[in-house]
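What follows is a set of notes on a single structure, which appears directly below.
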Protein chains: 2
Amino acid sequence: DGGSYDVVSDASSPAARECCAQQGSARHNWEMNYQEAAIYLQEGENNDKFFTHPKNAKALAAYLFAHNHLFYLMELSTALLLLLLSLCEAPAVPMLRLGIFVHATLELFALIVVVFELSMKMRWLGFQTFIRHKRTMVKTCVLLVQFIEAIVVLVRQTSHVRITRALRCIFLVDCRYCGAVRRNLRQIFQSLPPFIDILLLLLFFMVIFAILGFYLFSPNHSDPYFNTLENSLVNLFVLLTTSNFPDVMMPSYARNPWSCVFFIVYLSIELYFIMNLLLAVVFDTFNDIEKRKFKSLLLHKRTAIQHAYRLLVTKQRPSGISFKHFEGLLRFYKPRMCARERYLTFKALNQSNTPLVSLKDFYNFYEVVGLKWKAKRSREHWFDDLPRTAFLIFKGINILVKSRVFQYTMYTVVAVNGIWILVETFMLQGGNFFSRNVPWSYIVFLTIYGVELLLKTTGLGPVEYLSSGWNVFDFSVTLFAFLGLMALAFNMEPFYFIVVLRPLQLLRLFKLKKRYRNVLDTMFELFPRMASLGLTLLIFYYCFAIVGMEFFAGVVYPNCCNTSTVADSYRWVNHTVGNKTVVEEGYYYLNNFDNILNSFVTLFELTVVNDWYIIMEGVTSQTTHWSRLYFMIFYIVTMVVMTIIVAFILDAFVFRMNYTRKNQDSEEDNGIVLEKEISKEEVIGIIELYKRTSAATETAQLQKIVLQMDKYGQMSTVFLGRRSRTKSDLSMKMYEEEIQEWYEEHSRKEESQPPVQEAASAPSSSLKPLSLRQRSQTVI
Amino acid sequence: DGGSYDVVSDASSPAARECCAQQGSARHNWEMNYQEAAIYLQEGENNDKFFTHPKNAKALAAYLFAHNHLFYLMELSTALLLLLLSLCEAPAVPMLRLGIFVHATLELFALIVVVFELSMKMRWLGFQTFIRHKRTMVKTCVLLVQFIEAIVVLVRQTSHVRITRALRCIFLVDCRYCGAVRRNLRQIFQSLPPFIDILLLLLFFMVIFAILGFYLFSPNHSDPYFNTLENSLVNLFVLLTTSNFPDVMMPSYARNPWSCVFFIVYLSIELYFIMNLLLAVVFDTFNDIEKRKFKSLLLHKRTAIQHAYRLLVTKQRPSGISFKHFEGLLRFYKPRMCARERYLTFKALNQSNTPLVSLKDFYNFYEVVGLKWKAKRSREHWFDDLPRTAFLIFKGINILVKSRVFQYTMYTVVAVNGIWILVETFMLQGGNFFSRNVPWSYIVFLTIYGVELLLKTTGLGPVEYLSSGWNVFDFSVTLFAFLGLMALAFNMEPFYFIVVLRPLQLLRLFKLKKRYRNVLDTMFELFPRMASLGLTLLIFYYCFAIVGMEFFAGVVYPNCCNTSTVADSYRWVNHTVGNKTVVEEGYYYLNNFDNILNSFVTLFELTVVNDWYIIMEGVTSQTTHWSRLYFMIFYIVTMVVMTIIVAFILDAFVFRMNYTRKNQDSEEDNGIVLEKEISKEEVIGIIELYKRTSAATETAQLQKIVLQMDKYGQMSTVFLGRRSRTKSDLSMKMYEEEIQEWYEEHSRKEESQPPVQEAASAPSSSLKPLSLRQRSQTVI
């Protein structure tokens with residue numbers, strides 16, 4: 001949200017001035033309260049702990065400085081710069097290689113920026129809180145190490161083994177924008193204890209079977225997999241990933257067919273039972289953690305609202321917040337909000353008909369403040385105001401595009417198009433795919449889509465047309481197809497790939513079935529969370545890539561690894577048979593750690609698991625057999641992350657499907673919608689209020705509403721507040737009953753022990769405004 | 001349960017006699033009612049639909065004939081015989097090959113037995129119901145086809161392509177004992193619709209990417225994976241199983257590093273997203289089906305109880321069942337139960353203190369009837385009655401073995417033993433594992449375990465010692481170790497493998513942690529269900545093995561498949577380097593369909609998925625490329641079954657963990673326990689009752705209890721009823737609230753529409769005994 005940055009420009013300097021001057025009118029006193037309440041609400045929203053709440057004027061200034069998008073962007077870009085440096089540091093990507101002096105200087109520069117950021121944070125938190133904040137302390141330590149190393153590199157003018165570069169990730173993780181990644185990491189660490197328990201069970205059985213396998217199969221000298229206990233262990237570990245099956249079984253199977261029982265039992269226990277058990281345990285823990293997280297977030301927000309409320313009620317009217325004070329709060333909390341929206345938010349919160357918002361109503365603050373308000377249109381279509389003939393034409397189009405016949409015709413066209421593309425591709429016999437003459441079928445189908453697009457846009461109006469995600473998808477696919485046509489027609493080779501995207505049109509067919517709509521909707525809802533999980537995985541990749549590069553850069557190359565069993569995969573022979581050159585290529589030398597991009601691809605291959613032992617054995621044969629540890633640990637780490645991802649997808653879909661089952665009546669929902677009516681008198685009343693505070697723009701804006709009402713001769717206007725449904729809304733509904741219990745438990749706890757927070761520790765003062773200034777006087 | 005068989009010998013002949021004689025006293029009338037009520041209760045328990053309820057005396061006789069363990073065993077053995085025949089039919093397992101005449105005759109014999117079984121079923125069900133029963137009809141058709149084919153084989157004296165042999169599974173599935181398999185199959189079929197939806201999504205993306213891949217990579221002539229659309233599709237299908245990764249990527253990756261994006265995107269969408277979505281959808285459906293199944297079973301049992309109740313109440317006392325009638329019911333329902341247990345069951349059901357069991361109490365019938373009753377011992381240990389000195393010694397041992405110090409000492413010993421074995425194995429340098437002299441460490445550890453076993457048995461008493469599953473495990477492992485020692489000492493080579501089982505001792509360490517105990521307990525609880533799922537998988541295997549053998553028997557052999565890309569894996573070359581013979585062996589020719597055992601192993605390898613395309617390509621290169629369909633369909637089928645298995649494990653564990661979380665207070669539970677006290681007067685009262693019906697053994701047994709009471713001078717004895725907790729009990733507790741709703745809904749439905757059942761369709765007669773005889777008169 002764009003809130004906090006504007007807070008700085010609007011208010012920080014006057015507030016600071018006020019504090020220093022140690023004197024101010026009641027109005028300024030209130031301004032301070034508004035700001036502090038807004039900060040509390042922001043802390044509630046962002047799940048910032050209250051012990052980091054700024055405690056005095058200096059802290060406030062630092063807080064405001066460190067809480068705006070410019071600062072966040074600086075944080076993010078320094079972190080990214082540091083991470084991207086590994087593209088240029090040796091072993092670098094050939095195209096991006098930089099001199100040691102250059103990249104070391106860049107690094108030092110970035111580190112200095114981080115020092116600056118940390119010092120701002122220290123100023124805001126105070127030394128005491130700063131050293132109590134674990135993540136910040138870790139960051140400081142890492143910073144120190146990096147600093148020293150960067151200077152050493154600069155002085156020696158040569159890179160040493162810098163595994164500590166893997167720790168650079170912490171700068172990214174600590175960014176404001178990476179909150180989701182931090183939450184994922186926390187969730188992963190919380191899921192670890194049960195995971196490790198089951199992992200031990202897994203490893204335990206592996207050891208037992210390794211001993212067994214060694215005794216059973218080592219007498220067979222043609223069996224290279226079980227000739228020593230170490231080999232036996234390693235091969236059973238690889239077998240756990242199924243990656244060497246059935247090869248590992250073959251030598252003993254060839255000698256005695258019954259030896260397959262050993263492998264079948266091993267795989268049944270380890271792969272089909274314990275691995276699934278692992279998923280079950282992680283899934284269960286994940287479920288539990290999700291619920292507890294939701295609970296603590298909910299209670300945290302509630303506490304934040306209580307803190308804010310205490311700062312906004314007056315001694316004279318202790319039962320609620322008046323609009324004047326509410327408006328003051330919103331000026332700080334959401335400066336971009338216009339006067340009309342502020343009033344509508346106030347009205348939406350106010351369930352009773354009194355002029356005050358009680359604490360009970362105020363608890364809905366976060367649900368209501370996100371609504372986007374719009375006047376409810378009396379006209380249904382965009383063409384209602386057009387002349388009669390035009391109206392009839394457009395109305396006809398409107399009815400047409402909304403008809404089932406039209407829709408199903410389009411589905412048929414898409415299906416035919418799909419089959420056409422398939423058959424066309426099937427008939428192609430290699431070579432000349434992109435002939436100069438554009439195929440006529442392409443033009444025909446594109447024309448049909450174009451006409452459809454035109455009809456829909458005119459029939460529904462561009463705004464309504466583009467308000468559906470599916471239509472946006474249709475639109476962009478058709479646009480791409482058109483661009484592809486252009487590329488073909490004007491022979492622009494680099495854009496040929498667009499032509500290839502044509503089959504995406506087929507995705508439209510999935511609108512036909514409700515389950516697909518559900519699945520795809522859920523997919524889009526999950527996307528942010530999936531992206532953050534992907535980013536989390538990338539962070540792990542980064543760490544492993546750095547370590548891999550430091551140890552294994554350049555160890556595999558064509559025709560290496562001749563001593564290992566996987567030499568074939570690394571072969572690269574160019575021999576002549578007759579008068580033709582035959583290239584025998586194993587290609588696996590491409591899976592190396594020679595630079596960070598290659599490392600990422602190699603790590604992805606290791607994640608997919610198939611044939612990973614070829615990479616492992618190749619590297620091992622060129623280094624020591626301790627290298628296997630790196631690969632095994634990587635496997636286990638990705639297993640953890642992947643299991644979490646699976647658990648997340650499972651949880652999200654099952655949750656969603658349960659929700660749909662519970663609310664089958666409300667079939668189609670368009671998010672949260674609230675309706676509020678405002679009468680003319682009310683608007684005039686607010687204008688009076690604003691006039692007193694001499695806010696010209698707000699007054700003008702409100703007067704426009706009055707004029708509009710006058711024009712249509714209405715005495716009141718109805719506004720609609722809309723926002724999309726979030727996971728939190730769904731959870732609220734799913735846990736409805738439990739939430740009440742949590743609230744009661746929470747308030748009981750609060751009553752029994754006085755909260756740590758100062759503002760609340762003075763029960764008598766909880767109803768009188770407690771400004772920052774008053775407290776800053778006692779602190780300083 | 002041993003019930004139904006005994007019903008036949010005890011009662012069927014008098015009942016039949018009675019029916020034929022068409023005359024009988026009130027007592028015999030009641031006997032018929034008892035029997036019918038018992039049948040209703042059995043139907044409720046076995047989830048047999050009530051429309052298969054025997055409707056007349058002839059049907060009853062057939063019903064009783066077809067419902068006992070001898071008949072069930074006959075069913076099972078004929079089914080197994082038919083299935084096992086495929087071991088001997090061409091292509092047979094070499095050792096088991098039989099002449100065509102022999103195995104065709106055997107088959108005909110088995111089929112005739114099946115005909116007999118079906119005719120009995122027809123007699124019991126009546127022709128109308130018989131042809132309405134789908135499974136039976138399918139079985140009849142299969143039987144017909146098999147019959148014709150068996151005769152054809154016998155006449156032609158040669159086997160033709162008999163894919164229909166795959167249908168033999170239905171004889172096994174239809175067995176009484178395979179109810180769990182039928183349930184699994186039903187569950188699989190019910191999960192299919194959502195599964196297929198998502199599968200289509202998967203295949204759809206596959207087609208899109210195949211077209212894309214073909215356009216992008218076919219210009220590269222060194223890339224054999226995407227040169228035609230068919231290859232492109234097949235390779236992306238294989239890539240879905242990750243089985244050809246990263247090889248499939250390598251040729252294009254070598255040319256352009258950015259082509260890895262195609263594969264990363266494909267795998268992320270298909271493997272990491274849609275495949276998990278598949279699991280989520282199946283898991284969700286599975287959950288839902290489990291709950292609905294539980295509900296319908298519960299309501300079915302309830303209806304059965306209602307039917308039975310109506311047959312047991314009298315006109316004079318319509319408010320409940322007296323002990324006399326209850327006893328009569330139990331004589332048919334559980335003939336092995338002794339008089340004491342019958343009375344205790346009655347008392348346990350009877351919640352009120354009246355002499356009658358009301359319908360509300362009777363609803364608990366199934367929960368109570370499974371309890372095993374034992375007199376509550378007043379003495380705590382088995383040695384309480386021994387002389388003072390012996391008592392003190394045993395008491396000391398008892399305290400010792402129950403002490404924590406003793407337990408942890410044993411854990412330490414086990415751990416040391418484990419490390420010892422590991423180190424010992426690690427130090428072994430090939431060859432002579434089983435030296436003639438038994439290693440001293442083996443003897444030392446075995447002695448320690450022996451002493452522990454002795455102490456525990458004497459300290460706890462053999463009965464208490466063996467009542468814990470963990471102790472039984474300890475006992476058997478120690479016994480095995482001892483047998484291994486014997487084998488070593490007396491040099492019995494074939495038993496050496498027992499020595500190898502020593503590391504299993506280490507499993508005892510898992511008792512230490514609560515999570516492991518939970519996991520292992522759940523594992524044991526799940527075992528029957530897991531076994532039935534395994535059997536279901538085997539049935540699918542059987543079908544595919546038959547089809548595979550008919551088409552692919554003998555197609556792969558050493559050095560075949562030279563035209564395919566996987567020729568290396570089928571190589572078997574014997575060449576001489578210097579004066580040494582080097583065998584280059586690809587081994588994959590071992591993965592064939594040459595007989596049913598080989599087919600099963602091959603199918604297991606296909607299930608594990610890794611490198612399955614080598615088997616597929618080998619077979620394809622020797623036959624047509626349509627063979628791929630067989631392998632792909634097999635992959636999809638195992639994917640369905642495996643997903644169900646994963647969903648089952650997930651569901652069971654999550655359910656169990658939720659249950660544990662909900663009932664954290666009742667930490668240790670030993671199943672269901674009920675306590676009932678019986679006074680001397682009561683026993684004497686029952687003796688009087690039995691004396692009237694002249695049941696000598698029962699009277700004698702009860703008199704023994706009176707004597708026992710007299711001996712100890714007690715006026716009453718307390719009995720404990722125990723049984724282990726089943727999944728149904730857990731579900732009852734989990735769905736507590738919903739169950740009440742179901743009941744209400746169910747009874748509302750029953751009121752609104754008269755039930756189909758005759759017995760209930762006569763509301764006026766619902767309180768007067770409605771015997772089979774009376775009805776048989778009206779029916780015949």
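A note on labels: chains of the structure tokens are A, B, ... as shown, every chain counts residues from 1, and ligands are counted from 1 in their shown order.
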Contact residues around His221 in chain B with only C-alpha atoms at 12 Å, ignoring same-chain residues under 3 positions, as a list in words: Gly430 and Gly431 of chain A; Phe214, Leu216, Phe217, Ser218, Pro224, Tyr225, Phe226, Asn227, Thr228, Pro251, Ser252 and Arg255 of chain B
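When chain B is least-squares superimposed on chain A using all C-alpha positions, the deviation that remains is 0.2 Å RMSD.
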In range 395-595 of chain A, DSSP strand (DSSP E or B) residues written as a PyMOL selection string: chain A and resi 572-577+580-585
Residue hits in chain A, query chain B, radius 6 Å, only C-alpha atoms, as a list in words: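 Applying the cut-off to the listed atoms yields Ile208, Leu212, Leu229, Ala280, Asp284, Phe426, Val500, Pro503, Leu650 and Val654 of chain A.
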Next, write the just-selected residues to a file, as a PDB file, in the first residue's frame, keeping C-alpha atoms as the atom set.
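Wrote result23.pdb, looks like this:
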```pdb
ATOM      1  CA  ILE A 208      19.223 -52.037   8.473  1.00  0.00           C
ATOM      2  CA  LEU A 212      21.191 -56.904   5.128  1.00  0.00           C
ATOM      3  CA  LEU A 229      28.889 -51.247   3.307  1.00  0.00           C
ATOM      4  CA  ALA A 280       1.160 -36.953   6.190  1.00  0.00           C
ATOM      5  CA  ASP A 284      -0.738 -32.328   9.518  1.00  0.00           C
ATOM      6  CA  PHE A 426       1.180 -33.999 -37.330  1.00  0.00           C
ATOM      7  CA  VAL A 500       3.812 -21.336 -31.487  1.00  0.00           C
ATOM      8  CA  PRO A 503      -2.529 -23.714 -28.913  1.00  0.00           C
ATOM      9  CA  LEU A 650      -3.101 -29.986  -0.674  1.00  0.00           C
ATOM     10  CA  VAL A 654      -8.873 -29.102   0.293  1.00  0.00           C
TER      11      VAL A 654
END
```
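For Leu111 in chain A, the set of protein, DNA and RNA residues having any atom at most 9 Å away, when counting only C-alpha atoms and skipping those fewer than 4 positions along the same chain, is Thr78, Leu82, Leu106, Glu107, Val115, Phe116, Leu143, Gln146 and Phe147 of chain A.
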For CA of Leu400 in chain A and CA of Val413 in chain A, the interatomic separation in Å (one decimal):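 Between CA of Leu400 in chain A and CA of Val413 in chain A the gap is 16.4 Å.
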Contacts of range 93-103 of chain B within 7 Å, only C-alpha atoms, excl. fewer than 2 positions in-chain, as a list in words: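 Counting only the stated atoms, we get Leu85, Leu87, Cys88, Glu89, Pro91, Thr105, Leu106, Glu107, Leu154, Gln157, Thr158 and Asn595 of chain B.
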Those in range 606-718 of chain B with alpha helix (DSSP H) from DSSP, as a PyMOL selection string: chain B and resi 606-608+612-622+627-662+680-692+696-712
Contacts of Ala308 in chain B at 12 Å (only C-alpha atoms; same-chain gap of 5+ positions) as a ChimeraX atom specification: /B:32-44,301-303,313,320-321,325-326,329-330,333,359,362-363,365,759-760,766-767,769-771
